Amino acid sequence: ALPTRTGWHRIDRRVEDDRSRIYDAPMPYAQYFSGGQAVHGVYGYVHTGRGSHGCVNLMHDDARTLWQRTRSGDRVYVWGARPARLK
């Protein structure tokens with residue numbers, strides 16, 4: 001997993017049904033910040049696999065709820081790290 005830039009950011013682009021061009025992975029409810037990283041949903045369980053390549057992964061329903069409550073220009077704060085036991 002690659003690190004996500006921590007701190008305050010602004011959502012600068014939103015794509016409801018996106019797909020990573022680099023990793024060919026679905027990114028439902030993608031909300032981009034900080035030059036290409038995004039908060040987005042995953043299909044399945046969020047704690048499986050290697051984790052994100054710099055994005056913030058949420059369960060699909062949680063990503064949809066966040067999508068409904070945020071807009072472009074909203075500020076988001078990223079902190080913490082994935083627990084070592086899940087790496």
# chains A, B, ... in the order shown; residues from 1 in each chain; ligands from 1
$ closest_atom_pairs --of "segment 19-50 of chain A" --to "segment 65-79 of chain A" --cutoff "10 Å" --atoms "only C-alpha atoms" --output "Markdown table"
| residue | atom | partner | partner_atom | distance |
| --- | --- | --- | --- | --- |
| A:Pro28 | CA | A:Trp67 | CA | 9.7 |
| A:Tyr29 | CA | A:Trp67 | CA | 6.2 |
| A:Ala30 | CA | A:Trp67 | CA | 8.2 |
| A:Gln31 | CA | A:Trp67 | CA | 7.7 |
| A:Tyr32 | CA | A:Ser72 | CA | 9.0 |
| A:Phe33 | CA | A:Val76 | CA | 8.4 |
| A:Val39 | CA | A:Leu66 | CA | 9.2 |
| A:His40 | CA | A:Trp67 | CA | 8.9 |
| A:Gly41 | CA | A:Leu66 | CA | 9.8 |
$ write_last_selection --atoms "all heavy atoms" --output "PDB file, in the first residue's frame"
ATOM      1  N   PRO A  28     -15.989   3.477  -7.122  1.00  0.00           N
ATOM      2  CA  PRO A  28     -17.310   4.095  -7.006  1.00  0.00           C
ATOM      3  C   PRO A  28     -17.295   5.267  -6.024  1.00  0.00           C
ATOM      4  O   PRO A  28     -16.597   5.227  -5.015  1.00  0.00           O
ATOM      5  CB  PRO A  28     -18.196   2.958  -6.505  1.00  0.00           C
ATOM      6  CG  PRO A  28     -17.268   2.012  -5.816  1.00  0.00           C
ATOM      7  CD  PRO A  28     -15.965   2.123  -6.562  1.00  0.00           C
ATOM      8  N   TYR A  29     -18.054   6.304  -6.364  1.00  0.00           N
ATOM      9  CA  TYR A  29     -18.192   7.501  -5.513  1.00  0.00           C
ATOM     10  C   TYR A  29     -16.840   8.144  -5.216  1.00  0.00           C
ATOM     11  O   TYR A  29     -16.557   8.542  -4.095  1.00  0.00           O
ATOM     12  CB  TYR A  29     -18.946   7.172  -4.221  1.00  0.00           C
ATOM     13  CG  TYR A  29     -20.291   6.559  -4.495  1.00  0.00           C
ATOM     14  CD1 TYR A  29     -20.530   5.207  -4.292  1.00  0.00           C
ATOM     15  CD2 TYR A  29     -21.323   7.339  -4.994  1.00  0.00           C
ATOM     16  CE1 TYR A  29     -21.771   4.648  -4.570  1.00  0.00           C
ATOM     17  CE2 TYR A  29     -22.564   6.788  -5.278  1.00  0.00           C
ATOM     18  CZ  TYR A  29     -22.772   5.448  -5.067  1.00  0.00           C
ATOM     19  OH  TYR A  29     -23.996   4.897  -5.350  1.00  0.00           O
ATOM     20  N   ALA A  30     -16.000   8.270  -6.238  1.00  0.00           N
ATOM     21  CA  ALA A  30     -14.659   8.840  -6.076  1.00  0.00           C
ATOM     22  C   ALA A  30     -14.738  10.349  -5.887  1.00  0.00           C
ATOM     23  O   ALA A  30     -15.383  11.054  -6.656  1.00  0.00           O
ATOM     24  CB  ALA A  30     -13.794   8.506  -7.284  1.00  0.00           C
ATOM     25  N   GLN A  31     -14.056  10.829  -4.853  1.00  0.00           N
ATOM     26  CA  GLN A  31     -13.955  12.256  -4.562  1.00  0.00           C
ATOM     27  C   GLN A  31     -12.470  12.578  -4.440  1.00  0.00           C
ATOM     28  O   GLN A  31     -11.824  12.201  -3.468  1.00  0.00           O
ATOM     29  CB  GLN A  31     -14.714  12.596  -3.281  1.00  0.00           C
ATOM     30  CG  GLN A  31     -16.190  12.227  -3.409  1.00  0.00           C
ATOM     31  CD  GLN A  31     -17.009  12.769  -2.286  1.00  0.00           C
ATOM     32  OE1 GLN A  31     -17.254  13.976  -2.243  1.00  0.00           O
ATOM     33  NE2 GLN A  31     -17.425  11.920  -1.372  1.00  0.00           N
ATOM     34  N   TYR A  32     -11.954  13.251  -5.462  1.00  0.00           N
ATOM     35  CA  TYR A  32     -10.518  13.484  -5.590  1.00  0.00           C
ATOM     36  C   TYR A  32     -10.064  14.713  -4.803  1.00  0.00           C
ATOM     37  O   TYR A  32     -10.760  15.718  -4.715  1.00  0.00           O
ATOM     38  CB  TYR A  32     -10.150  13.665  -7.058  1.00  0.00           C
ATOM     39  CG  TYR A  32     -10.293  12.390  -7.840  1.00  0.00           C
ATOM     40  CD1 TYR A  32     -11.492  12.068  -8.452  1.00  0.00           C
ATOM     41  CD2 TYR A  32      -9.232  11.499  -7.939  1.00  0.00           C
ATOM     42  CE1 TYR A  32     -11.633  10.884  -9.169  1.00  0.00           C
ATOM     43  CE2 TYR A  32      -9.356  10.319  -8.642  1.00  0.00           C
ATOM     44  CZ  TYR A  32     -10.566  10.017  -9.250  1.00  0.00           C
ATOM     45  OH  TYR A  32     -10.701   8.846  -9.938  1.00  0.00           O
ATOM     46  N   PHE A  33      -8.841  14.602  -4.282  1.00  0.00           N
ATOM     47  CA  PHE A  33      -8.199  15.694  -3.548  1.00  0.00           C
ATOM     48  C   PHE A  33      -6.691  15.561  -3.737  1.00  0.00           C
ATOM     49  O   PHE A  33      -6.199  14.504  -4.153  1.00  0.00           O
ATOM     50  CB  PHE A  33      -8.560  15.638  -2.054  1.00  0.00           C
ATOM     51  CG  PHE A  33      -8.078  14.388  -1.365  1.00  0.00           C
ATOM     52  CD1 PHE A  33      -6.820  14.345  -0.775  1.00  0.00           C
ATOM     53  CD2 PHE A  33      -8.867  13.254  -1.332  1.00  0.00           C
ATOM     54  CE1 PHE A  33      -6.366  13.187  -0.161  1.00  0.00           C
ATOM     55  CE2 PHE A  33      -8.425  12.092  -0.708  1.00  0.00           C
ATOM     56  CZ  PHE A  33      -7.166  12.061  -0.123  1.00  0.00           C
ATOM     57  N   VAL A  39     -11.000   9.735  -2.014  1.00  0.00           N
ATOM     58  CA  VAL A  39     -11.821   8.933  -1.109  1.00  0.00           C
ATOM     59  C   VAL A  39     -12.787   8.214  -2.034  1.00  0.00           C
ATOM     60  O   VAL A  39     -13.442   8.852  -2.862  1.00  0.00           O
ATOM     61  CB  VAL A  39     -12.612   9.822  -0.125  1.00  0.00           C
ATOM     62  CG1 VAL A  39     -13.540   8.975   0.725  1.00  0.00           C
ATOM     63  CG2 VAL A  39     -11.682  10.651   0.738  1.00  0.00           C
ATOM     64  N   HIS A  40     -12.860   6.879  -1.943  1.00  0.00           N
ATOM     65  CA  HIS A  40     -13.794   6.147  -2.812  1.00  0.00           C
ATOM     66  C   HIS A  40     -14.184   4.822  -2.185  1.00  0.00           C
ATOM     67  O   HIS A  40     -13.521   4.323  -1.277  1.00  0.00           O
ATOM     68  CB  HIS A  40     -13.209   5.934  -4.211  1.00  0.00           C
ATOM     69  CG  HIS A  40     -12.005   5.051  -4.255  1.00  0.00           C
ATOM     70  ND1 HIS A  40     -12.074   3.679  -4.257  1.00  0.00           N
ATOM     71  CD2 HIS A  40     -10.688   5.357  -4.316  1.00  0.00           C
ATOM     72  CE1 HIS A  40     -10.863   3.178  -4.314  1.00  0.00           C
ATOM     73  NE2 HIS A  40      -9.992   4.180  -4.351  1.00  0.00           N
ATOM     74  N   GLY A  41     -15.260   4.257  -2.690  1.00  0.00           N
ATOM     75  CA  GLY A  41     -15.739   2.971  -2.215  1.00  0.00           C
ATOM     76  C   GLY A  41     -14.979   1.820  -2.845  1.00  0.00           C
ATOM     77  O   GLY A  41     -14.277   1.979  -3.846  1.00  0.00           O
TER      78      GLY A  41
END
$ residues_around --residues "Ala25 of chain A" --least-positions-apart "4" --cutoff "12 Å" --atoms "only C-alpha atoms" --output "JSON list (two decimals) with C-alpha atoms, in the first residue's frame"
[["chain", "number", "residue", "atom", "x", "y", "z"],
["A", 17, "ASP", "CA", -18.67, 5.70, -11.16],
["A", 18, "ASP", "CA", -14.95, 5.95, -11.92],
["A", 19, "ARG", "CA", -12.22, 3.43, -12.70],
["A", 20, "SER", "CA", -8.51, 3.75, -12.04],
["A", 21, "ARG", "CA", -6.62, 4.02, -15.30],
["A", 30, "ALA", "CA", -14.66, 8.84, -6.08],
["A", 40, "HIS", "CA", -13.79, 6.15, -2.81],
["A", 41, "GLY", "CA", -15.74, 2.97, -2.22],
["A", 42, "VAL", "CA", -14.61, -0.58, -2.75],
["A", 43, "TYR", "CA", -16.63, -3.63, -3.66],
["A", 52, "SER", "CA", -4.94, 1.36, -1.37],
["A", 53, "HIS", "CA", -2.39, 2.90, -3.69],
["A", 55, "CYS", "CA", -6.45, 6.59, -1.80]]
$ select_by_dssp --residues "segment 8-87 of chain A" --states "alpha helix (DSSP H)" --output "PyMOL selection string"
chain A and resi 60-69
$ select_by_dssp --residues "chain A" --states "strand (DSSP E)" --output "MDAnalysis selection string"
chainID A and resid 7:10 13:19 26:33 37:42 56:59 75:78
$ atom_distance --atom1 "atom CA of Arg64 of chain A" --atom2 "atom CA of Gly44 of chain A"
14.2 Å
$ atom_distance --atom1 "atom CA of Val46 of chain A" --atom2 "atom CA of Asp24 of chain A"
17.2 Å
